[in-house]
Amino acid sequence: MAKKLYIKTYGCQMNVYDSLKMADIMRPMGYEECEEPEGADMVILNTCHIRERAAEKVYSELGRINQEKKRRKKEGGNMIVAVAGCVAQAEGEEIFRRAPYVDVVVGSQSYQNLPELIGKIQRGSGHAIDLEMRDDKFDLLPEESTKPQGVSACLSIQEGCDKFCTFCVVPYTRGAEYSRNVPEIYREAIRLVAGGAKEITLLGQNVNAFHGEMDGDVWNLGKLIKHLAKIEGLERIRYSTSHPSDMHEELYEAHANEQKLMPFLNLPVQSGSNKILASMNRKHTRDEYFKIIERLRDLRPDMQFSSDFIIGFPGETEQDFEDTLDLARSVGFSQAYSFTYSPRPGTPGAEMEDQVPEEIKDERLQRFQSLINEQQRKFNNSCEGLVMPVLFDRSGRKDDQLVGKSPYMQSVHITPGNENIFGKIVDVKIARALNFSLAGEVV
């Protein structure tokens, strides 16, 4: 009988991609994925360390997993518990101290060694840990996957970051910037399309800093997108997450000329205050950010934007916050991700003076999110009556309801659903705009 493997994924799309690869790694060892930890022979928590509360959620989940592990042991079974990802990379041996029932700790650059680590556990060697930072991870991962991602797939092309923003743990948990070679990216894209993918999102912690090699030359992201767009059957390309400082000429050209590249971009700005941007070590100003937005809209008038914001960074005054509100009003985002600042141990921001009180951060976040929600509703309302190409990739909450994605990453649902359009891009007339989604009818 196949052994059961349960993987719980936290955080970013990169972790989702890594979890898929972990399942591929474990399959030759006789493990098949299951939906719940109950009855699992192995549990992997693939973790995120961006925010303090996210890390604490992992320890809470480990406590629940331990109860299942004890139950399995009473019944004569066994469960191997592994913590992978960025919390593993950041905390290492501390995980064994706080949760001694954890068997394996494996970092974000070394999970390809899971079979060897599990072998050590099975031989009775106690805990096993591997936190080595290496740039050949992708070379050691299985190329083929027995579990297709579906019509909307992710493809990791770049990992790590060299920017060292003062709030961020990524350079410490994912390491220096590393880009995969173009031929292996192209081969993986071909396999994803053969498996049914119509849309591919190119992933990286700093994806527009991509600098992969092709026949001795170094390619940037813009050139890579143009190359991938030639794949027959691939209809949509996206990329995430980008940095304003790494926008480049060929990427602008791709947005202007490549119709497969969707007219929607998440471009994190983090703050609208030049003082706070400098304190964050963001390496761009608000005016430089405005110029990027303006140029992209000139090149492609239907372009829409999302962004990331940190509210309440150390030293943020009411005027700094007003500058952030002003930036958001000036750009007019169709959606955005915003969070209060969470100090991460080991980052410069955690040691800064003038930490903003939690109650002030929370109040400012509510004001900011109220503005963003208003902008999202306004954009959604502007879509009423339009005909949009929608990629239907999942079932809805209601019976016979199908949900898809517009070019602008809006959820679009139709009722009653039509199974014949699942996995396809079809034209939908938008009948009604909701706060966070659209409702329509197939044309």
# chains A, B, ... in the order shown; residues from 1 in each chain; ligands from 1
$ residues_around --residues "A:Ala88" --least-positions-apart "6" --cutoff "8 Å" --atoms "only C-alpha atoms" --output "list in words"
Thr47, Ile95, Val105, Val106, Gly107, Ser108 and Leu131 of chain A
$ write_last_selection --atoms "N, CA and C atoms" --output "short mmCIF file (atom, residue, chain, number, x, y, z; two decimals), in the first residue's frame"
data_model
loop_
_atom_site.label_atom_id
_atom_site.label_comp_id
_atom_site.auth_asym_id
_atom_site.auth_seq_id
_atom_site.Cartn_x
_atom_site.Cartn_y
_atom_site.Cartn_z
N THR A 47 6.69 26.22 5.23
CA THR A 47 6.38 27.39 6.02
C THR A 47 6.83 28.71 5.41
N ILE A 95 13.60 24.83 16.30
CA ILE A 95 12.34 24.10 16.09
C ILE A 95 12.33 22.81 16.90
N VAL A 105 13.99 18.95 9.85
CA VAL A 105 13.96 20.37 9.53
C VAL A 105 14.79 20.55 8.26
N VAL A 106 14.16 21.10 7.22
CA VAL A 106 14.86 21.23 5.94
C VAL A 106 14.58 22.61 5.35
N GLY A 107 15.64 23.28 4.93
CA GLY A 107 15.52 24.65 4.46
C GLY A 107 15.00 24.76 3.04
N SER A 108 14.77 26.00 2.64
CA SER A 108 14.17 26.28 1.35
C SER A 108 15.09 25.97 0.18
N LEU A 131 20.16 22.73 6.27
CA LEU A 131 19.86 24.13 6.00
C LEU A 131 20.85 24.73 5.01
#
$ select_by_dssp --residues "stretch 74-152 of chain A" --states "strand (DSSP E)" --output "PyMOL selection string"
chain A and resi 80-85+104-106+128-130+152
$ residues_around --residues "stretch 307-312 of chain A" --least-positions-apart "3" --cutoff "9 Å" --atoms "only C-alpha atoms" --output "VMD selection string"
chain A and resid 265 to 272 315 to 317 321 324 333 335 to 342 355 to 358 360 to 362 364 to 365 368
$ residues_around --residues "stretch 395-411 of chain A" --least-positions-apart "3" --cutoff "9 Å" --atoms "only C-alpha atoms" --output "VMD selection string"
chain A and resid 236 262 to 265 303 to 305 334 380 388 to 392 414 to 419 421 to 423 425 436 to 439
$ write_last_selection --atoms "N, CA and C atoms" --output "PDB file, in the first residue's frame"
ATOM      1  N   ARG A 236      -1.618  32.638 -21.782  1.00  0.00           N
ATOM      2  CA  ARG A 236      -1.454  33.752 -20.845  1.00  0.00           C
ATOM      3  C   ARG A 236      -0.137  33.613 -20.086  1.00  0.00           C
ATOM      4  N   MET A 262      -0.249  39.379 -19.638  1.00  0.00           N
ATOM      5  CA  MET A 262      -1.489  39.980 -19.154  1.00  0.00           C
ATOM      6  C   MET A 262      -1.285  41.439 -18.728  1.00  0.00           C
ATOM      7  N   PRO A 263      -2.312  42.278 -18.942  1.00  0.00           N
ATOM      8  CA  PRO A 263      -2.211  43.708 -18.622  1.00  0.00           C
ATOM      9  C   PRO A 263      -2.465  43.990 -17.143  1.00  0.00           C
ATOM     10  N   PHE A 264      -1.788  43.235 -16.311  1.00  0.00           N
ATOM     11  CA  PHE A 264      -1.957  43.385 -14.863  1.00  0.00           C
ATOM     12  C   PHE A 264      -0.612  43.098 -14.208  1.00  0.00           C
ATOM     13  N   LEU A 265      -0.190  43.973 -13.303  1.00  0.00           N
ATOM     14  CA  LEU A 265       1.119  43.820 -12.677  1.00  0.00           C
ATOM     15  C   LEU A 265       1.042  44.146 -11.194  1.00  0.00           C
ATOM     16  N   MET A 303      -3.680  48.793 -18.864  1.00  0.00           N
ATOM     17  CA  MET A 303      -2.886  48.225 -17.770  1.00  0.00           C
ATOM     18  C   MET A 303      -3.508  48.556 -16.413  1.00  0.00           C
ATOM     19  N   GLN A 304      -3.552  47.547 -15.534  1.00  0.00           N
ATOM     20  CA  GLN A 304      -4.012  47.719 -14.164  1.00  0.00           C
ATOM     21  C   GLN A 304      -2.920  47.244 -13.201  1.00  0.00           C
ATOM     22  N   PHE A 305      -2.966  47.789 -11.975  1.00  0.00           N
ATOM     23  CA  PHE A 305      -1.883  47.538 -11.028  1.00  0.00           C
ATOM     24  C   PHE A 305      -2.386  47.101  -9.658  1.00  0.00           C
ATOM     25  N   SER A 334      -6.181  48.615  -8.699  1.00  0.00           N
ATOM     26  CA  SER A 334      -7.387  47.792  -8.819  1.00  0.00           C
ATOM     27  C   SER A 334      -7.487  46.799  -7.673  1.00  0.00           C
ATOM     28  N   ASN A 380     -14.070  47.452 -10.409  1.00  0.00           N
ATOM     29  CA  ASN A 380     -15.033  46.390 -10.721  1.00  0.00           C
ATOM     30  C   ASN A 380     -16.300  46.964 -11.346  1.00  0.00           C
ATOM     31  N   MET A 388     -15.293  40.224 -21.397  1.00  0.00           N
ATOM     32  CA  MET A 388     -13.921  39.909 -21.007  1.00  0.00           C
ATOM     33  C   MET A 388     -13.595  38.458 -21.312  1.00  0.00           C
ATOM     34  N   PRO A 389     -12.371  38.179 -21.749  1.00  0.00           N
ATOM     35  CA  PRO A 389     -11.937  36.783 -21.863  1.00  0.00           C
ATOM     36  C   PRO A 389     -11.619  36.244 -20.472  1.00  0.00           C
ATOM     37  N   VAL A 390     -12.249  35.164 -20.076  1.00  0.00           N
ATOM     38  CA  VAL A 390     -12.104  34.609 -18.727  1.00  0.00           C
ATOM     39  C   VAL A 390     -11.587  33.176 -18.825  1.00  0.00           C
ATOM     40  N   LEU A 391     -10.563  32.879 -18.055  1.00  0.00           N
ATOM     41  CA  LEU A 391     -10.024  31.520 -17.966  1.00  0.00           C
ATOM     42  C   LEU A 391     -10.687  30.819 -16.786  1.00  0.00           C
ATOM     43  N   PHE A 392     -11.533  29.826 -17.064  1.00  0.00           N
ATOM     44  CA  PHE A 392     -12.248  29.128 -15.997  1.00  0.00           C
ATOM     45  C   PHE A 392     -11.386  27.988 -15.471  1.00  0.00           C
ATOM     46  N   ILE A 414     -19.849  32.384 -13.050  1.00  0.00           N
ATOM     47  CA  ILE A 414     -21.070  32.247 -13.839  1.00  0.00           C
ATOM     48  C   ILE A 414     -21.930  31.166 -13.216  1.00  0.00           C
ATOM     49  N   THR A 415     -23.248  31.333 -13.281  1.00  0.00           N
ATOM     50  CA  THR A 415     -24.214  30.354 -12.782  1.00  0.00           C
ATOM     51  C   THR A 415     -25.400  30.326 -13.744  1.00  0.00           C
ATOM     52  N   PRO A 416     -25.893  29.174 -14.181  1.00  0.00           N
ATOM     53  CA  PRO A 416     -25.306  27.874 -13.864  1.00  0.00           C
ATOM     54  C   PRO A 416     -24.027  27.645 -14.657  1.00  0.00           C
ATOM     55  N   GLY A 417     -23.178  26.795 -14.140  1.00  0.00           N
ATOM     56  CA  GLY A 417     -21.920  26.518 -14.804  1.00  0.00           C
ATOM     57  C   GLY A 417     -22.100  25.616 -16.009  1.00  0.00           C
ATOM     58  N   ASN A 418     -21.077  25.556 -16.815  1.00  0.00           N
ATOM     59  CA  ASN A 418     -21.069  24.704 -18.003  1.00  0.00           C
ATOM     60  C   ASN A 418     -19.734  23.972 -18.020  1.00  0.00           C
ATOM     61  N   GLU A 419     -19.774  22.657 -17.745  1.00  0.00           N
ATOM     62  CA  GLU A 419     -18.527  21.895 -17.629  1.00  0.00           C
ATOM     63  C   GLU A 419     -17.710  21.915 -18.920  1.00  0.00           C
ATOM     64  N   ILE A 421     -16.787  24.362 -20.562  1.00  0.00           N
ATOM     65  CA  ILE A 421     -15.870  25.500 -20.644  1.00  0.00           C
ATOM     66  C   ILE A 421     -14.802  25.464 -19.559  1.00  0.00           C
ATOM     67  N   PHE A 422     -14.839  24.464 -18.684  1.00  0.00           N
ATOM     68  CA  PHE A 422     -13.798  24.365 -17.650  1.00  0.00           C
ATOM     69  C   PHE A 422     -12.440  24.171 -18.324  1.00  0.00           C
ATOM     70  N   GLY A 423     -11.464  24.977 -17.910  1.00  0.00           N
ATOM     71  CA  GLY A 423     -10.131  24.876 -18.488  1.00  0.00           C
ATOM     72  C   GLY A 423      -9.969  25.637 -19.781  1.00  0.00           C
ATOM     73  N   ILE A 425     -10.597  29.431 -22.117  1.00  0.00           N
ATOM     74  CA  ILE A 425     -10.788  30.880 -22.085  1.00  0.00           C
ATOM     75  C   ILE A 425     -11.978  31.209 -22.972  1.00  0.00           C
ATOM     76  N   PHE A 436     -15.524  42.206  -4.478  1.00  0.00           N
ATOM     77  CA  PHE A 436     -14.241  41.567  -4.735  1.00  0.00           C
ATOM     78  C   PHE A 436     -14.293  40.577  -5.898  1.00  0.00           C
ATOM     79  N   SER A 437     -15.346  40.622  -6.694  1.00  0.00           N
ATOM     80  CA  SER A 437     -15.465  39.679  -7.817  1.00  0.00           C
ATOM     81  C   SER A 437     -16.469  40.230  -8.822  1.00  0.00           C
ATOM     82  N   LEU A 438     -16.621  39.479  -9.922  1.00  0.00           N
ATOM     83  CA  LEU A 438     -17.556  39.863 -10.971  1.00  0.00           C
ATOM     84  C   LEU A 438     -18.466  38.682 -11.282  1.00  0.00           C
ATOM     85  N   ALA A 439     -19.689  38.976 -11.672  1.00  0.00           N
ATOM     86  CA  ALA A 439     -20.627  37.941 -12.114  1.00  0.00           C
ATOM     87  C   ALA A 439     -20.987  38.217 -13.561  1.00  0.00           C
TER      88      ALA A 439
END
$ closest_residue --among "A:Val218, A:Cys168, A:Val207, A:Ala194" --to "A:Pro343" --atoms "only C-alpha atoms"
A:Cys168
$ closest_residue --among "A:Cys34, A:Val182, A:Met79, A:Ile7" --to "A:Asp217" --atoms "only C-alpha atoms"
A:Val182
$ select_by_dssp --residues "stretch 119-252 of chain A" --states "helix (DSSP H, G or I)" --output "PyMOL selection string"
chain A and resi 119-122+137-140+170-173+182-194+207-209+221-228+244-246+249-252
$ write_last_selection --atoms "N, CA and C atoms" --output "tab-separated table (two decimals), in the first residue's frame"
chain	number	residue	atom	x	y	z
A	119	GLY	N	15.66	8.88	5.41
A	119	GLY	CA	16.42	7.65	5.62
A	119	GLY	C	17.15	7.67	6.95
A	120	LYS	N	17.70	8.80	7.33
A	120	LYS	CA	18.39	8.91	8.63
A	120	LYS	C	17.42	8.68	9.78
A	121	ILE	N	16.22	9.25	9.65
A	121	ILE	CA	15.21	9.07	10.70
A	121	ILE	C	14.82	7.60	10.81
A	122	GLN	N	14.61	6.98	9.68
A	122	GLN	CA	14.18	5.58	9.68
A	122	GLN	C	15.27	4.64	10.21
A	137	LYS	N	19.77	23.79	-6.57
A	137	LYS	CA	18.56	23.09	-6.14
A	137	LYS	C	17.73	22.63	-7.33
A	138	PHE	N	17.50	23.52	-8.27
A	138	PHE	CA	16.63	23.18	-9.39
A	138	PHE	C	17.21	22.07	-10.26
A	139	ASP	N	18.53	21.98	-10.31
A	139	ASP	CA	19.16	20.91	-11.08
A	139	ASP	C	18.90	19.54	-10.48
A	140	LEU	N	18.62	19.50	-9.18
A	140	LEU	CA	18.46	18.24	-8.48
A	140	LEU	C	17.00	17.84	-8.28
A	170	VAL	N	13.80	37.65	3.44
A	170	VAL	CA	14.07	36.82	2.27
A	170	VAL	C	15.56	36.61	1.99
A	171	PRO	N	16.41	37.64	2.03
A	171	PRO	CA	17.83	37.38	1.77
A	171	PRO	C	18.46	36.39	2.74
A	172	TYR	N	17.88	36.27	3.93
A	172	TYR	CA	18.43	35.37	4.94
A	172	TYR	C	17.83	33.97	4.85
A	173	THR	N	16.59	33.87	4.36
A	173	THR	CA	15.93	32.56	4.29
A	173	THR	C	15.97	31.94	2.90
A	182	VAL	N	17.73	29.32	-19.11
A	182	VAL	CA	16.57	29.45	-19.99
A	182	VAL	C	16.10	28.10	-20.55
A	183	PRO	N	17.00	27.22	-21.03
A	183	PRO	CA	16.51	25.96	-21.61
A	183	PRO	C	15.70	25.11	-20.64
A	184	GLU	N	16.11	25.04	-19.35
A	184	GLU	CA	15.34	24.22	-18.42
A	184	GLU	C	14.01	24.87	-18.09
A	185	ILE	N	13.95	26.20	-18.07
A	185	ILE	CA	12.67	26.88	-17.88
A	185	ILE	C	11.74	26.59	-19.05
A	186	TYR	N	12.28	26.67	-20.25
A	186	TYR	CA	11.49	26.43	-21.45
A	186	TYR	C	10.94	25.00	-21.47
A	187	ARG	N	11.80	24.03	-21.11
A	187	ARG	CA	11.34	22.63	-21.07
A	187	ARG	C	10.23	22.44	-20.06
A	188	GLU	N	10.36	23.07	-18.89
A	188	GLU	CA	9.31	22.93	-17.88
A	188	GLU	C	8.01	23.59	-18.36
A	189	ALA	N	8.12	24.72	-19.03
A	189	ALA	CA	6.93	25.38	-19.56
A	189	ALA	C	6.23	24.49	-20.59
A	190	ILE	N	7.01	23.84	-21.44
A	190	ILE	CA	6.45	22.92	-22.43
A	190	ILE	C	5.68	21.79	-21.73
A	191	ARG	N	6.27	21.25	-20.67
A	191	ARG	CA	5.61	20.16	-19.93
A	191	ARG	C	4.32	20.64	-19.27
A	192	LEU	N	4.33	21.86	-18.73
A	192	LEU	CA	3.12	22.40	-18.10
A	192	LEU	C	2.01	22.56	-19.12
A	193	VAL	N	2.33	23.07	-20.30
A	193	VAL	CA	1.33	23.25	-21.34
A	193	VAL	C	0.82	21.89	-21.81
A	194	ALA	N	1.73	20.92	-21.95
A	194	ALA	CA	1.31	19.57	-22.34
A	194	ALA	C	0.38	18.96	-21.29
A	207	VAL	N	11.46	38.65	-9.26
A	207	VAL	CA	11.42	37.96	-10.55
A	207	VAL	C	11.94	38.80	-11.70
A	208	ASN	N	11.76	40.13	-11.65
A	208	ASN	CA	12.24	40.92	-12.79
A	208	ASN	C	13.74	41.22	-12.70
A	209	ALA	N	14.41	40.64	-11.69
A	209	ALA	CA	15.88	40.65	-11.66
A	209	ALA	C	16.43	39.39	-12.34
A	221	LEU	N	14.25	39.20	-18.00
A	221	LEU	CA	12.88	38.69	-17.94
A	221	LEU	C	12.10	39.03	-19.21
A	222	GLY	N	12.29	40.23	-19.74
A	222	GLY	CA	11.57	40.61	-20.94
A	222	GLY	C	11.86	39.68	-22.10
A	223	LYS	N	13.13	39.34	-22.27
A	223	LYS	CA	13.52	38.44	-23.36
A	223	LYS	C	12.97	37.04	-23.13
A	224	LEU	N	12.98	36.59	-21.88
A	224	LEU	CA	12.43	35.27	-21.55
A	224	LEU	C	10.94	35.21	-21.87
A	225	ILE	N	10.20	36.25	-21.51
A	225	ILE	CA	8.75	36.26	-21.77
A	225	ILE	C	8.48	36.17	-23.27
A	226	LYS	N	9.23	36.91	-24.07
A	226	LYS	CA	9.05	36.85	-25.53
A	226	LYS	C	9.32	35.44	-26.05
A	227	HIS	N	10.30	34.76	-25.46
A	227	HIS	CA	10.65	33.40	-25.87
A	227	HIS	C	9.53	32.42	-25.50
A	228	LEU	N	9.04	32.51	-24.27
A	228	LEU	CA	7.99	31.60	-23.82
A	228	LEU	C	6.68	31.84	-24.57
A	244	PRO	N	10.49	47.58	-8.22
A	244	PRO	CA	10.55	48.75	-9.11
A	244	PRO	C	11.94	49.02	-9.68
A	245	SER	N	12.98	48.74	-8.90
A	245	SER	CA	14.34	49.03	-9.35
A	245	SER	C	14.82	48.13	-10.48
A	246	ASP	N	14.10	47.04	-10.73
A	246	ASP	CA	14.55	46.08	-11.74
A	246	ASP	C	13.68	46.08	-13.00
A	249	GLU	N	14.23	47.77	-20.10
A	249	GLU	CA	13.68	48.15	-21.40
A	249	GLU	C	12.95	47.01	-22.09
A	250	GLU	N	13.54	45.82	-22.11
A	250	GLU	CA	12.89	44.71	-22.80
A	250	GLU	C	11.61	44.27	-22.10
A	251	LEU	N	11.52	44.50	-20.80
A	251	LEU	CA	10.28	44.18	-20.08
A	251	LEU	C	9.18	45.18	-20.46
A	252	TYR	N	9.54	46.46	-20.57
A	252	TYR	CA	8.57	47.44	-21.06
A	252	TYR	C	8.09	47.05	-22.45
$ residues_around --residues "A:Met22" --least-positions-apart "4" --cutoff "10 Å" --atoms "only C-alpha atoms" --output "PDB file with N, CA and C atoms, in the first residue's frame"
ATOM      1  N   ILE A   7       0.886  17.523   2.937  1.00  0.00           N
ATOM      2  CA  ILE A   7       1.694  18.740   2.871  1.00  0.00           C
ATOM      3  C   ILE A   7       0.783  19.940   3.090  1.00  0.00           C
ATOM      4  N   VAL A  16       4.024  27.256  -2.837  1.00  0.00           N
ATOM      5  CA  VAL A  16       3.113  26.329  -3.509  1.00  0.00           C
ATOM      6  C   VAL A  16       3.885  25.497  -4.527  1.00  0.00           C
ATOM      7  N   TYR A  17       4.739  26.161  -5.289  1.00  0.00           N
ATOM      8  CA  TYR A  17       5.573  25.470  -6.280  1.00  0.00           C
ATOM      9  C   TYR A  17       6.490  24.467  -5.584  1.00  0.00           C
ATOM     10  N   ASP A  18       7.142  24.886  -4.486  1.00  0.00           N
ATOM     11  CA  ASP A  18       8.048  23.994  -3.760  1.00  0.00           C
ATOM     12  C   ASP A  18       7.310  22.777  -3.216  1.00  0.00           C
ATOM     13  N   MET A  26       8.941  12.793  -3.113  1.00  0.00           N
ATOM     14  CA  MET A  26       8.553  11.720  -2.204  1.00  0.00           C
ATOM     15  C   MET A  26       7.836  10.563  -2.902  1.00  0.00           C
ATOM     16  N   ARG A  27       7.330  10.806  -4.106  1.00  0.00           N
ATOM     17  CA  ARG A  27       6.544   9.777  -4.792  1.00  0.00           C
ATOM     18  C   ARG A  27       7.348   8.498  -5.065  1.00  0.00           C
ATOM     19  N   ILE A  44       4.409  17.261   6.123  1.00  0.00           N
ATOM     20  CA  ILE A  44       5.368  18.339   5.859  1.00  0.00           C
ATOM     21  C   ILE A  44       4.639  19.666   5.972  1.00  0.00           C
ATOM     22  N   ASN A  46       5.227  23.288   4.990  1.00  0.00           N
ATOM     23  CA  ASN A  46       6.092  24.135   4.165  1.00  0.00           C
ATOM     24  C   ASN A  46       5.794  25.584   4.515  1.00  0.00           C
ATOM     25  N   ALA A  84       9.569  22.455   6.697  1.00  0.00           N
ATOM     26  CA  ALA A  84      10.353  22.910   5.560  1.00  0.00           C
ATOM     27  C   ALA A  84      10.115  24.396   5.340  1.00  0.00           C
ATOM     28  N   TYR A 111      15.482  21.132   0.182  1.00  0.00           N
ATOM     29  CA  TYR A 111      14.445  20.104   0.343  1.00  0.00           C
ATOM     30  C   TYR A 111      14.588  18.967  -0.664  1.00  0.00           C
ATOM     31  N   GLN A 112      15.437  19.140  -1.673  1.00  0.00           N
ATOM     32  CA  GLN A 112      15.691  18.034  -2.600  1.00  0.00           C
ATOM     33  C   GLN A 112      16.366  16.858  -1.898  1.00  0.00           C
ATOM     34  N   ASN A 113      16.884  17.096  -0.678  1.00  0.00           N
ATOM     35  CA  ASN A 113      17.544  16.044   0.096  1.00  0.00           C
ATOM     36  C   ASN A 113      16.592  15.350   1.076  1.00  0.00           C
ATOM     37  N   LEU A 114      15.287  15.577   0.940  1.00  0.00           N
ATOM     38  CA  LEU A 114      14.320  14.950   1.843  1.00  0.00           C
ATOM     39  C   LEU A 114      14.464  13.435   1.935  1.00  0.00           C
ATOM     40  N   PRO A 115      14.635  12.695   0.828  1.00  0.00           N
ATOM     41  CA  PRO A 115      14.768  11.238   0.956  1.00  0.00           C
ATOM     42  C   PRO A 115      15.938  10.814   1.839  1.00  0.00           C
ATOM     43  N   LEU A 141      16.081  18.697  -8.702  1.00  0.00           N
ATOM     44  CA  LEU A 141      14.659  18.385  -8.562  1.00  0.00           C
ATOM     45  C   LEU A 141      14.177  17.535  -9.735  1.00  0.00           C
ATOM     46  N   PRO A 142      13.159  16.700  -9.511  1.00  0.00           N
ATOM     47  CA  PRO A 142      12.613  15.898 -10.619  1.00  0.00           C
ATOM     48  C   PRO A 142      12.060  16.806 -11.715  1.00  0.00           C
TER      49      PRO A 142
END
$ closest_residue --among "A:Leu327, A:Cys161, A:Leu371, A:Ile430" --to "A:Glu384" --atoms "only C-alpha atoms"
A:Ile430
$ atom_distance --atom1 "atom CA of A:Glu363" --atom2 "atom CA of A:Gln376"
20.2 Å
$ atom_distance --atom1 "atom CA of A:Ala176" --atom2 "atom CA of A:Asp162"
5.6 Å
$ closest_residue --among "A:Met42, A:Ile50, A:Leu234, A:Val58" --to "A:Ile80" --atoms "only C-alpha atoms"
A:Met42
$ residues_around --residues "A:Glu294" --least-positions-apart "2" --cutoff "12 Å" --atoms "only C-alpha atoms" --output "PyMOL selection string"
chain A and resi 252+287-292+296-305+330-332
$ closest_residue --among "A:Ala278, A:Lys69, A:Leu20, A:Val387" --to "A:Glu32" --atoms "only C-alpha atoms"
A:Leu20
$ residues_around --residues "A:Gln109" --least-positions-apart "4" --cutoff "9 Å" --atoms "only C-alpha atoms" --output "CSV table (one decimal) with N, CA and C atoms, in the first residue's frame"
chain,number,residue,atom,x,y,z
A,85,GLY,N,10.8,25.0,4.4
A,85,GLY,CA,10.6,26.4,4.0
A,85,GLY,C,11.3,27.4,4.9
A,89,GLN,N,14.4,27.5,7.7
A,89,GLN,CA,15.7,28.1,7.3
A,89,GLN,C,16.1,29.1,8.4
A,131,LEU,N,20.2,22.7,6.3
A,131,LEU,CA,19.9,24.1,6.0
A,131,LEU,C,20.9,24.7,5.0
A,132,GLU,N,21.5,23.9,4.3
A,132,GLU,CA,22.6,24.4,3.4
A,132,GLU,C,22.0,25.3,2.3
A,133,MET,N,22.6,26.4,2.1
A,133,MET,CA,22.2,27.3,1.0
A,133,MET,C,23.0,26.9,-0.3
A,134,ARG,N,22.3,26.6,-1.4
A,134,ARG,CA,23.0,26.1,-2.6
A,134,ARG,C,22.2,26.7,-3.8
A,135,ASP,N,23.0,26.8,-4.9
A,135,ASP,CA,22.3,27.4,-6.1
A,135,ASP,C,22.1,26.3,-7.2
A,136,ASP,N,22.2,25.0,-6.8
A,136,ASP,CA,21.9,24.0,-7.8
A,136,ASP,C,20.6,23.2,-7.4
A,137,LYS,N,19.8,23.8,-6.6
A,137,LYS,CA,18.6,23.1,-6.1
A,137,LYS,C,17.7,22.6,-7.3
A,173,THR,N,16.6,33.9,4.4
A,173,THR,CA,15.9,32.6,4.3
A,173,THR,C,16.0,31.9,2.9
A,174,ARG,N,16.1,32.8,1.9
A,174,ARG,CA,16.2,32.2,0.5
A,174,ARG,C,17.5,32.5,-0.2
A,175,GLY,N,18.4,33.3,0.5
A,175,GLY,CA,19.7,33.4,0.0
A,175,GLY,C,19.8,34.5,-1.1
